[in-house]
Structure formats: structure tokens, C-alpha cells
Amino acid sequence: MSANMIRTTRLPSRMIPTATAVAVSTGAAIVLLVVFYAVGGPFGTLNDLANALVAVLSAVLAVRTARLGAPLAAVAAAGAGGALIVMGSWLVITGRTGWVLAGLVGAVGAGALGTWLLTHNHTAGRTGILSRPVARLGAVSGALTMLGFLAVPDLLAHVDAWEDLHWSGVLAFMSWLGFYVGYPVWCVLLARAAGQRRTG
């Protein structure tokens with residue numbers, strides 16, 4: 001997907017470090033998760049820490065998009081979602097819950113972040129800040145991430161075993177596909193677009 005597909009006239013260069021950091025941190029989280037499933041050890045904890053970092057950086061990025069027309073309610077949702085993802089990481093790292101319940105907390109947080117991502121890209125695509133293809137990528141990633149809201153019933157029931165999850169709880173974990181795949185690609189394109197404006 002070419003960076004020329006993004007309209008850069010109103011993208012500030014200050015978006016570059018935050019968007020890049022989100023993409024790099026997400027990539028690190030993916031690698032750590034794969035290594036954890038391959039060899040175990042401390043890599044699961046490192047993945048949780050990376051997820052928390054992505055969440056914090058995403059909240060910062062959401063605040064920056066407010067000046068590009070992202071609705072304040074969506075920005076606030078991103079902040080709340082980031083806090084929930086950090087909480088989920090804290091729960092599993094400290095052993096206060098198992099990974100399933102902590103994952104449900106994080107999934108709801110991812111759903112809230114997805115609300116911002118979907119809303120912002122809908123607005124940015126309509127106003128021309130982003131091209132339609134890139135805005136569509138962000139919107140689809142946001143919609144997929146919003147599957148995390150399906151975790152709410154099992155979260156309220158304090159389910160902490162995979163075999164006890166309802167279908168909605170299982171589907172909620174699919175939200176991480178949007179968080180791990182589409183979202184970082186969108187961040188890379190956003191950073192490239194802002195960089196073009198800076199140099200062009």
C-alpha cells in the first residue's frame with residue numbers, strides 16, 4: 001500500500017514518534033508472544049509489559065488525533081481502553097488472576113481503543129485527512145478490535161478458565177487480531193504520511 005494513498009496536508013509531524021513507537025512496540029509484543037509459546041520462560045511477562053506500553057502510547061496517539069477532528073468521546077474511550085489493557089497486564093504479571101480473566105479485561109480495553117480507531121478513521125476519511133483506503137484499513141481494524149466488548153459477560157462472571165468461556169468470550173479474544181495486525185500497519189502509514197509533510 002503506497003504512502004501516496006494518504007493525504008498529508010493536515011497531518012502534523014509530531015505524529016511521527018508516537019505512531020512509530022506504537023508500531024514498533026506492537027511488533028515487539030508479537031515477537032515476544034511467539035517466543036513465549038515456543039520456549040516459555042519470562043517472555044510471557046515481557047509480552048504483557050509490551051502490551052501495556054502499546055496501550056499507553058495508543059492513548060497518547062488518540063489525544064493527538066483530537067486536533068485532527070477525532071471526537072472527544074472517542075479519545076476518552078481510547079484513554080479508558082488503554083487503562084484497562086494496562087490493568088489486564090498488571091493482573092496477570094502480579095498473579096492476581098489467571099491469564100484468561102486478565103485477557104478478558106484487556107480485550108474490553110482493546111474494544112474501547114477500537115472505538116476510537118473506528119471513529120477517528122471514519123471522520124478522517126470523510127474530511128480527507130486520510131485517503132479512503134487507509135481510513136478503511138483503520139476502520140476495519142477498529143471494528144475487529146471492538147470484538148473485545150463481547151468479553152463483558154464473562155468478565156462480569158469472573159471466568160478465569162478457557163473451558164468455561166462462552167462463545168462470546170472466545171470470540172472476544174479475536175479482538176487482538178485487529179490490535180496486533182491492522183492497527184500497527186495503520187500506524188506505520190500514519191507516520192510515513194506525517195514524515196512526507198515534514199520533508200516535502
# chains A, B, ... in the order shown; residues from 1 in each chain; ligands from 1
$ residues_around --residues "A:Arg64" --least-positions-apart "6" --cutoff "10 Å" --atoms "only C-alpha atoms" --output "PDB file with N, CA and C atoms, in the first residue's frame"
ATOM      1  N   PRO A  12       0.229  16.603  11.175  1.00  0.00           N
ATOM      2  CA  PRO A  12       1.407  17.224  11.794  1.00  0.00           C
ATOM      3  C   PRO A  12       2.538  16.234  11.992  1.00  0.00           C
ATOM      4  N   ARG A  14       4.446  15.910  14.410  1.00  0.00           N
ATOM      5  CA  ARG A  14       4.548  15.393  15.785  1.00  0.00           C
ATOM      6  C   ARG A  14       3.870  14.030  15.945  1.00  0.00           C
ATOM      7  N   MET A  15       3.114  13.612  14.920  1.00  0.00           N
ATOM      8  CA  MET A  15       2.508  12.285  14.961  1.00  0.00           C
ATOM      9  C   MET A  15       3.546  11.184  14.745  1.00  0.00           C
ATOM     10  N   THR A  18       5.116   9.110  17.967  1.00  0.00           N
ATOM     11  CA  THR A  18       4.112   8.329  18.685  1.00  0.00           C
ATOM     12  C   THR A  18       3.607   7.162  17.848  1.00  0.00           C
ATOM     13  N   SER A  58      -0.868   4.317  22.710  1.00  0.00           N
ATOM     14  CA  SER A  58      -2.101   4.482  21.923  1.00  0.00           C
ATOM     15  C   SER A  58      -2.976   5.582  22.498  1.00  0.00           C
ATOM     16  N   ALA A  70     -10.833  14.017  15.671  1.00  0.00           N
ATOM     17  CA  ALA A  70     -11.372  12.840  16.352  1.00  0.00           C
ATOM     18  C   ALA A  70     -12.282  13.295  17.494  1.00  0.00           C
ATOM     19  N   VAL A  75     -11.763   9.779  21.939  1.00  0.00           N
ATOM     20  CA  VAL A  75     -10.445   9.931  22.561  1.00  0.00           C
ATOM     21  C   VAL A  75     -10.500   9.471  24.018  1.00  0.00           C
TER      22      VAL A  75
END
$ residues_around --residues "stretch 19-28 of chain A" --least-positions-apart "3" --cutoff "7 Å" --atoms "only C-alpha atoms" --output "list in words"
Met15, Ile16, Val31, Leu32, Ala50, Val54, Leu57, Ser58, Leu61, Tyr180, Pro184, Cys187, Val188, Leu190 and Ala191 of chain A
$ write_last_selection --atoms "all heavy atoms" --output "short mmCIF file (atom, residue, chain, number, x, y, z; two decimals), in the first residue's frame"
data_model
loop_
_atom_site.label_atom_id
_atom_site.label_comp_id
_atom_site.auth_asym_id
_atom_site.auth_seq_id
_atom_site.Cartn_x
_atom_site.Cartn_y
_atom_site.Cartn_z
N MET A 15 3.11 13.61 14.92
CA MET A 15 2.51 12.29 14.96
C MET A 15 3.55 11.18 14.74
O MET A 15 3.33 10.03 15.12
CB MET A 15 1.44 12.16 13.86
CG MET A 15 0.34 13.21 13.90
SD MET A 15 -0.80 12.97 15.27
CE MET A 15 -1.71 11.56 14.67
N ILE A 16 4.69 11.54 14.13
CA ILE A 16 5.67 10.53 13.72
C ILE A 16 6.18 9.69 14.89
O ILE A 16 6.10 8.46 14.84
CB ILE A 16 6.85 11.18 12.98
CG1 ILE A 16 6.37 11.85 11.69
CG2 ILE A 16 7.94 10.14 12.66
CD1 ILE A 16 7.44 12.66 10.99
N VAL A 31 6.40 -10.56 18.63
CA VAL A 31 7.59 -11.42 18.68
C VAL A 31 7.70 -12.10 20.04
O VAL A 31 7.96 -13.31 20.15
CB VAL A 31 8.86 -10.61 18.38
CG1 VAL A 31 10.11 -11.44 18.65
CG2 VAL A 31 8.85 -10.13 16.93
N LEU A 32 7.49 -11.33 21.10
CA LEU A 32 7.59 -11.89 22.45
C LEU A 32 6.53 -12.96 22.69
O LEU A 32 6.80 -13.97 23.36
CB LEU A 32 7.46 -10.77 23.48
CG LEU A 32 8.64 -9.80 23.55
CD1 LEU A 32 8.27 -8.56 24.34
CD2 LEU A 32 9.85 -10.50 24.17
N ALA A 50 4.90 -5.26 27.10
CA ALA A 50 4.84 -4.62 25.79
C ALA A 50 3.41 -4.20 25.46
O ALA A 50 3.17 -3.12 24.91
CB ALA A 50 5.38 -5.56 24.71
N VAL A 54 2.12 -0.44 24.58
CA VAL A 54 1.31 -0.11 23.40
C VAL A 54 0.05 0.62 23.82
O VAL A 54 -0.37 1.59 23.18
CB VAL A 54 0.95 -1.38 22.61
CG1 VAL A 54 -0.03 -1.04 21.48
CG2 VAL A 54 2.19 -2.03 22.03
N LEU A 57 0.93 4.27 24.82
CA LEU A 57 1.26 5.04 23.62
C LEU A 57 0.03 5.29 22.75
O LEU A 57 -0.10 6.36 22.14
CB LEU A 57 2.33 4.29 22.82
CG LEU A 57 3.72 4.22 23.45
CD1 LEU A 57 4.61 3.26 22.66
CD2 LEU A 57 4.36 5.60 23.53
N SER A 58 -0.87 4.32 22.71
CA SER A 58 -2.10 4.48 21.92
C SER A 58 -2.98 5.58 22.50
O SER A 58 -3.60 6.34 21.75
CB SER A 58 -2.87 3.16 21.88
OG SER A 58 -2.14 2.17 21.19
N LEU A 61 -1.46 8.76 21.37
CA LEU A 61 -1.76 8.97 19.95
C LEU A 61 -3.20 9.44 19.78
O LEU A 61 -3.49 10.32 18.96
CB LEU A 61 -1.52 7.68 19.18
CG LEU A 61 -1.73 7.75 17.66
CD1 LEU A 61 -0.78 8.75 17.02
CD2 LEU A 61 -1.54 6.36 17.04
N TYR A 180 -3.12 -6.40 16.92
CA TYR A 180 -1.78 -6.84 16.57
C TYR A 180 -1.44 -6.74 15.08
O TYR A 180 -0.26 -6.72 14.72
CB TYR A 180 -1.58 -8.30 17.00
CG TYR A 180 -1.13 -8.49 18.43
CD1 TYR A 180 -1.21 -9.75 19.03
CD2 TYR A 180 -0.63 -7.44 19.20
CE1 TYR A 180 -0.80 -9.95 20.35
CE2 TYR A 180 -0.22 -7.63 20.50
CZ TYR A 180 -0.30 -8.89 21.07
OH TYR A 180 0.11 -9.08 22.36
N PRO A 184 -1.07 -1.74 13.85
CA PRO A 184 0.31 -1.28 13.66
C PRO A 184 0.62 -0.90 12.22
O PRO A 184 1.41 0.03 11.98
CB PRO A 184 1.16 -2.47 14.13
CG PRO A 184 0.25 -3.64 14.09
CD PRO A 184 -1.11 -3.12 14.40
N CYS A 187 -0.59 2.53 11.80
CA CYS A 187 0.32 3.47 12.47
C CYS A 187 1.55 3.77 11.61
O CYS A 187 2.02 4.91 11.56
CB CYS A 187 0.75 2.92 13.83
SG CYS A 187 -0.52 3.01 15.11
N VAL A 188 2.07 2.75 10.95
CA VAL A 188 3.22 2.95 10.06
C VAL A 188 2.86 3.91 8.94
O VAL A 188 3.61 4.84 8.61
CB VAL A 188 3.71 1.61 9.48
CG1 VAL A 188 4.70 1.83 8.35
CG2 VAL A 188 4.34 0.76 10.58
N LEU A 190 0.49 6.13 8.93
CA LEU A 190 0.27 7.46 9.51
C LEU A 190 1.59 8.18 9.71
O LEU A 190 1.73 9.37 9.39
CB LEU A 190 -0.47 7.30 10.84
CG LEU A 190 -0.89 8.59 11.55
CD1 LEU A 190 -1.97 9.30 10.74
CD2 LEU A 190 -1.41 8.27 12.95
N ALA A 191 2.58 7.48 10.26
CA ALA A 191 3.90 8.07 10.48
C ALA A 191 4.56 8.46 9.16
O ALA A 191 5.17 9.53 9.05
CB ALA A 191 4.78 7.10 11.25
#
$ closest_residue --among "A:Trp116, A:Phe36, A:Tyr183, A:Phe43" --to "A:Gly81" --atoms "only C-alpha atoms"
A:Trp116
$ closest_residue --among "A:Ala172, A:Trp99, A:Val134, A:Ala62" --to "A:His120" --atoms "only C-alpha atoms"
A:Ala62
$ residues_around --residues "A:Ser141" --least-positions-apart "6" --cutoff "10 Å" --atoms "only C-alpha atoms" --output "list of chain:residue names"
A:Gly114, A:Leu117, A:Leu118, A:Asn121, A:Ala135, A:Ser175, A:Trp176, A:Leu177, A:Gly178, A:Phe179, A:Tyr180, A:Val181, A:Gly182, A:Tyr183, A:Pro184, A:Val185, A:Trp186
$ write_last_selection --atoms "C-alpha atoms" --output "CSV table (one decimal), in the first residue's frame"
chain,number,residue,atom,x,y,z
A,114,GLY,CA,-11.1,0.1,18.7
A,117,LEU,CA,-9.8,3.9,15.9
A,118,LEU,CA,-13.0,3.3,14.0
A,121,ASN,CA,-10.8,6.9,10.7
A,135,ALA,CA,-9.1,5.2,6.5
A,175,SER,CA,-10.0,-8.6,19.0
A,176,TRP,CA,-6.3,-9.0,19.4
A,177,LEU,CA,-6.0,-9.6,15.6
A,178,GLY,CA,-7.1,-6.1,15.0
A,179,PHE,CA,-4.8,-4.8,17.7
A,180,TYR,CA,-1.8,-6.8,16.6
A,181,VAL,CA,-2.2,-6.8,12.8
A,182,GLY,CA,-4.2,-4.0,11.2
A,183,TYR,CA,-3.5,-1.3,13.8
A,184,PRO,CA,0.3,-1.3,13.7
A,185,VAL,CA,0.2,-1.2,9.9
A,186,TRP,CA,-2.1,1.8,10.0
$ atom_distance --atom1 "atom CA of A:Ala77" --atom2 "atom CA of A:Met146"
11.5 Å
$ closest_residue --among "A:Asp160, A:Thr45, A:Ser13, A:Gly40" --to "A:Thr97" --atoms "only C-alpha atoms"
A:Asp160
$ residues_around --residues "A:Ala55" --least-positions-apart "3" --cutoff "7 Å" --atoms "only C-alpha atoms" --output "mmCIF file with all heavy atoms, in the first residue's frame"
data_model
loop_
_atom_site.group_PDB
_atom_site.id
_atom_site.type_symbol
_atom_site.label_atom_id
_atom_site.label_comp_id
_atom_site.auth_asym_id
_atom_site.auth_seq_id
_atom_site.Cartn_x
_atom_site.Cartn_y
_atom_site.Cartn_z
ATOM 1 N N ASN A 51 2.435 -5.046 25.804
ATOM 2 C CA ASN A 51 1.028 -4.693 25.591
ATOM 3 C C ASN A 51 0.661 -3.435 26.364
ATOM 4 O O ASN A 51 -0.061 -2.564 25.864
ATOM 5 C CB ASN A 51 0.124 -5.841 26.022
ATOM 6 C CG ASN A 51 0.146 -7.004 25.056
ATOM 7 O OD1 ASN A 51 0.459 -6.841 23.875
ATOM 8 N ND2 ASN A 51 -0.174 -8.195 25.545
ATOM 9 N N ALA A 52 1.144 -3.350 27.601
ATOM 10 C CA ALA A 52 0.862 -2.175 28.424
ATOM 11 C C ALA A 52 1.473 -0.924 27.797
ATOM 12 O O ALA A 52 0.858 0.153 27.788
ATOM 13 C CB ALA A 52 1.391 -2.385 29.839
ATOM 14 N N SER A 58 -0.868 4.317 22.710
ATOM 15 C CA SER A 58 -2.101 4.482 21.923
ATOM 16 C C SER A 58 -2.976 5.582 22.498
ATOM 17 O O SER A 58 -3.604 6.336 21.750
ATOM 18 C CB SER A 58 -2.867 3.158 21.877
ATOM 19 O OG SER A 58 -2.142 2.171 21.190
ATOM 20 N N ALA A 59 -3.026 5.669 23.818
ATOM 21 C CA ALA A 59 -3.798 6.736 24.445
ATOM 22 C C ALA A 59 -3.203 8.096 24.096
ATOM 23 O O ALA A 59 -3.941 9.063 23.827
ATOM 24 C CB ALA A 59 -3.822 6.537 25.960
ATOM 25 N N GLY A 82 -6.927 2.084 27.126
ATOM 26 C CA GLY A 82 -5.526 1.922 27.457
ATOM 27 C C GLY A 82 -5.331 1.550 28.918
ATOM 28 O O GLY A 82 -4.514 0.681 29.256
ATOM 29 N N ILE A 85 -6.209 -2.136 29.440
ATOM 30 C CA ILE A 85 -5.170 -3.048 28.955
ATOM 31 C C ILE A 85 -4.002 -3.091 29.931
ATOM 32 O O ILE A 85 -3.453 -4.160 30.226
ATOM 33 C CB ILE A 85 -4.698 -2.630 27.548
ATOM 34 C CG1 ILE A 85 -5.828 -2.838 26.533
ATOM 35 C CG2 ILE A 85 -3.465 -3.436 27.130
ATOM 36 C CD1 ILE A 85 -5.501 -2.340 25.141
ATOM 37 N N VAL A 86 -3.625 -1.934 30.459
ATOM 38 C CA VAL A 86 -2.565 -1.886 31.466
ATOM 39 C C VAL A 86 -2.986 -2.689 32.698
ATOM 40 O O VAL A 86 -2.184 -3.447 33.270
ATOM 41 C CB VAL A 86 -2.246 -0.433 31.852
ATOM 42 C CG1 VAL A 86 -1.309 -0.383 33.067
ATOM 43 C CG2 VAL A 86 -1.601 0.302 30.674
#
$ select_by_dssp --residues "stretch 2-183 of chain A" --states "alpha helix (DSSP H)" --output "ChimeraX atom specification"
/A:15-39,43-65,72-93,99-127,132-145,152-156,167-172,175-177,183
$ closest_residue --among "A:Ala107, A:Val100, A:Ile129, A:Ala194" --to "A:Asp164" --atoms "only C-alpha atoms"
A:Val100
$ decode --residues "stretch 22-128 of chain A" --atoms "C-alpha atoms" --output "PDB file, in the first residue's frame"
ATOM      1  CA  VAL A  22       3.105   2.168  18.695  1.00  0.00           C
ATOM      2  CA  ALA A  23       4.026   0.159  15.592  1.00  0.00           C
ATOM      3  CA  VAL A  24       7.435  -0.880  16.957  1.00  0.00           C
ATOM      4  CA  SER A  25       6.054  -1.771  20.392  1.00  0.00           C
ATOM      5  CA  THR A  26       3.273  -3.833  18.846  1.00  0.00           C
ATOM      6  CA  GLY A  27       5.778  -5.677  16.698  1.00  0.00           C
ATOM      7  CA  ALA A  28       7.852  -6.399  19.793  1.00  0.00           C
ATOM      8  CA  ALA A  29       4.744  -7.693  21.597  1.00  0.00           C
ATOM      9  CA  ILE A  30       4.016 -10.083  18.723  1.00  0.00           C
ATOM     10  CA  VAL A  31       7.587 -11.424  18.679  1.00  0.00           C
ATOM     11  CA  LEU A  32       7.591 -11.888  22.449  1.00  0.00           C
ATOM     12  CA  LEU A  33       4.280 -13.747  22.300  1.00  0.00           C
ATOM     13  CA  VAL A  34       5.557 -16.108  19.615  1.00  0.00           C
ATOM     14  CA  VAL A  35       8.775 -16.753  21.538  1.00  0.00           C
ATOM     15  CA  PHE A  36       6.796 -17.367  24.727  1.00  0.00           C
ATOM     16  CA  TYR A  37       4.677 -20.056  23.078  1.00  0.00           C
ATOM     17  CA  ALA A  38       7.816 -21.571  21.566  1.00  0.00           C
ATOM     18  CA  VAL A  39      10.121 -21.670  24.585  1.00  0.00           C
ATOM     19  CA  GLY A  40       8.173 -20.289  27.577  1.00  0.00           C
ATOM     20  CA  GLY A  41      10.180 -18.543  30.265  1.00  0.00           C
ATOM     21  CA  PRO A  42       9.859 -14.820  31.031  1.00  0.00           C
ATOM     22  CA  PHE A  43       8.704 -13.894  27.541  1.00  0.00           C
ATOM     23  CA  GLY A  44       5.038 -14.009  28.549  1.00  0.00           C
ATOM     24  CA  THR A  45       5.656 -11.315  31.148  1.00  0.00           C
ATOM     25  CA  LEU A  46       7.635  -9.284  28.633  1.00  0.00           C
ATOM     26  CA  ASN A  47       4.709  -9.567  26.211  1.00  0.00           C
ATOM     27  CA  ASP A  48       2.365  -8.272  28.905  1.00  0.00           C
ATOM     28  CA  LEU A  49       4.684  -5.333  29.525  1.00  0.00           C
ATOM     29  CA  ALA A  50       4.842  -4.618  25.792  1.00  0.00           C
ATOM     30  CA  ASN A  51       1.028  -4.693  25.591  1.00  0.00           C
ATOM     31  CA  ALA A  52       0.862  -2.175  28.424  1.00  0.00           C
ATOM     32  CA  LEU A  53       3.334   0.073  26.621  1.00  0.00           C
ATOM     33  CA  VAL A  54       1.314  -0.107  23.400  1.00  0.00           C
ATOM     34  CA  ALA A  55      -1.798   0.815  25.389  1.00  0.00           C
ATOM     35  CA  VAL A  56      -0.196   3.897  26.938  1.00  0.00           C
ATOM     36  CA  LEU A  57       1.263   5.039  23.622  1.00  0.00           C
ATOM     37  CA  SER A  58      -2.101   4.482  21.923  1.00  0.00           C
ATOM     38  CA  ALA A  59      -3.798   6.736  24.445  1.00  0.00           C
ATOM     39  CA  VAL A  60      -1.210   9.426  23.682  1.00  0.00           C
ATOM     40  CA  LEU A  61      -1.762   8.971  19.953  1.00  0.00           C
ATOM     41  CA  ALA A  62      -5.511   9.259  20.447  1.00  0.00           C
ATOM     42  CA  VAL A  63      -5.053  12.582  22.235  1.00  0.00           C
ATOM     43  CA  ARG A  64      -3.003  13.856  19.301  1.00  0.00           C
ATOM     44  CA  THR A  65      -5.755  12.891  16.847  1.00  0.00           C
ATOM     45  CA  ALA A  66      -8.207  15.094  18.744  1.00  0.00           C
ATOM     46  CA  ARG A  67      -6.683  18.063  16.925  1.00  0.00           C
ATOM     47  CA  LEU A  68      -7.397  16.309  13.638  1.00  0.00           C
ATOM     48  CA  GLY A  69     -11.108  16.089  14.391  1.00  0.00           C
ATOM     49  CA  ALA A  70     -11.372  12.840  16.352  1.00  0.00           C
ATOM     50  CA  PRO A  71     -14.429  13.144  18.647  1.00  0.00           C
ATOM     51  CA  LEU A  72     -13.521  13.779  22.274  1.00  0.00           C
ATOM     52  CA  ALA A  73     -15.738  10.892  23.398  1.00  0.00           C
ATOM     53  CA  ALA A  74     -13.714   8.534  21.198  1.00  0.00           C
ATOM     54  CA  VAL A  75     -10.445   9.931  22.561  1.00  0.00           C
ATOM     55  CA  ALA A  76     -11.738   9.402  26.096  1.00  0.00           C
ATOM     56  CA  ALA A  77     -12.667   5.827  25.174  1.00  0.00           C
ATOM     57  CA  ALA A  78      -9.099   5.268  23.994  1.00  0.00           C
ATOM     58  CA  GLY A  79      -7.794   6.533  27.327  1.00  0.00           C
ATOM     59  CA  ALA A  80     -10.107   4.214  29.246  1.00  0.00           C
ATOM     60  CA  GLY A  81      -9.210   1.322  26.955  1.00  0.00           C
ATOM     61  CA  GLY A  82      -5.526   1.922  27.457  1.00  0.00           C
ATOM     62  CA  ALA A  83      -6.013   1.892  31.222  1.00  0.00           C
ATOM     63  CA  LEU A  84      -7.891  -1.423  31.043  1.00  0.00           C
ATOM     64  CA  ILE A  85      -5.170  -3.048  28.955  1.00  0.00           C
ATOM     65  CA  VAL A  86      -2.565  -1.886  31.466  1.00  0.00           C
ATOM     66  CA  MET A  87      -4.739  -3.295  34.244  1.00  0.00           C
ATOM     67  CA  GLY A  88      -5.005  -6.637  32.451  1.00  0.00           C
ATOM     68  CA  SER A  89      -1.234  -6.813  32.133  1.00  0.00           C
ATOM     69  CA  TRP A  90      -0.825  -5.915  35.811  1.00  0.00           C
ATOM     70  CA  LEU A  91      -3.315  -8.586  36.888  1.00  0.00           C
ATOM     71  CA  VAL A  92      -1.509 -11.423  35.134  1.00  0.00           C
ATOM     72  CA  ILE A  93       2.019 -10.208  35.923  1.00  0.00           C
ATOM     73  CA  THR A  94       1.258  -9.989  39.645  1.00  0.00           C
ATOM     74  CA  GLY A  95      -0.630 -13.286  39.635  1.00  0.00           C
ATOM     75  CA  ARG A  96      -3.815 -11.731  40.973  1.00  0.00           C
ATOM     76  CA  THR A  97      -5.749 -13.522  38.220  1.00  0.00           C
ATOM     77  CA  GLY A  98      -5.036 -16.130  35.595  1.00  0.00           C
ATOM     78  CA  TRP A  99      -4.310 -15.194  32.012  1.00  0.00           C
ATOM     79  CA  VAL A 100      -7.908 -15.772  30.870  1.00  0.00           C
ATOM     80  CA  LEU A 101      -9.539 -13.250  33.202  1.00  0.00           C
ATOM     81  CA  ALA A 102      -6.697 -10.791  32.665  1.00  0.00           C
ATOM     82  CA  GLY A 103      -7.145 -11.305  28.926  1.00  0.00           C
ATOM     83  CA  LEU A 104     -10.844 -10.521  29.205  1.00  0.00           C
ATOM     84  CA  VAL A 105     -10.005  -7.235  30.925  1.00  0.00           C
ATOM     85  CA  GLY A 106      -7.513  -6.436  28.193  1.00  0.00           C
ATOM     86  CA  ALA A 107      -9.973  -7.422  25.480  1.00  0.00           C
ATOM     87  CA  VAL A 108     -12.556  -4.944  26.763  1.00  0.00           C
ATOM     88  CA  GLY A 109      -9.814  -2.333  26.821  1.00  0.00           C
ATOM     89  CA  ALA A 110      -8.911  -3.204  23.248  1.00  0.00           C
ATOM     90  CA  GLY A 111     -12.574  -2.814  22.346  1.00  0.00           C
ATOM     91  CA  ALA A 112     -12.564   0.709  23.749  1.00  0.00           C
ATOM     92  CA  LEU A 113      -9.420   1.540  21.782  1.00  0.00           C
ATOM     93  CA  GLY A 114     -11.137   0.127  18.716  1.00  0.00           C
ATOM     94  CA  THR A 115     -13.990   2.571  19.237  1.00  0.00           C
ATOM     95  CA  TRP A 116     -11.551   5.448  18.878  1.00  0.00           C
ATOM     96  CA  LEU A 117      -9.779   3.864  15.913  1.00  0.00           C
ATOM     97  CA  LEU A 118     -13.026   3.251  14.037  1.00  0.00           C
ATOM     98  CA  THR A 119     -14.473   6.679  14.807  1.00  0.00           C
ATOM     99  CA  HIS A 120     -11.304   8.594  14.018  1.00  0.00           C
ATOM    100  CA  ASN A 121     -10.802   6.875  10.681  1.00  0.00           C
ATOM    101  CA  HIS A 122     -14.430   7.382   9.719  1.00  0.00           C
ATOM    102  CA  THR A 123     -14.032  11.104  10.415  1.00  0.00           C
ATOM    103  CA  ALA A 124     -10.582  11.381   8.821  1.00  0.00           C
ATOM    104  CA  GLY A 125     -11.700   9.572   5.690  1.00  0.00           C
ATOM    105  CA  ARG A 126     -14.744  11.785   5.329  1.00  0.00           C
ATOM    106  CA  THR A 127     -12.804  15.039   5.780  1.00  0.00           C
ATOM    107  CA  GLY A 128      -9.889  13.989   3.561  1.00  0.00           C
TER     108      GLY A 128
END
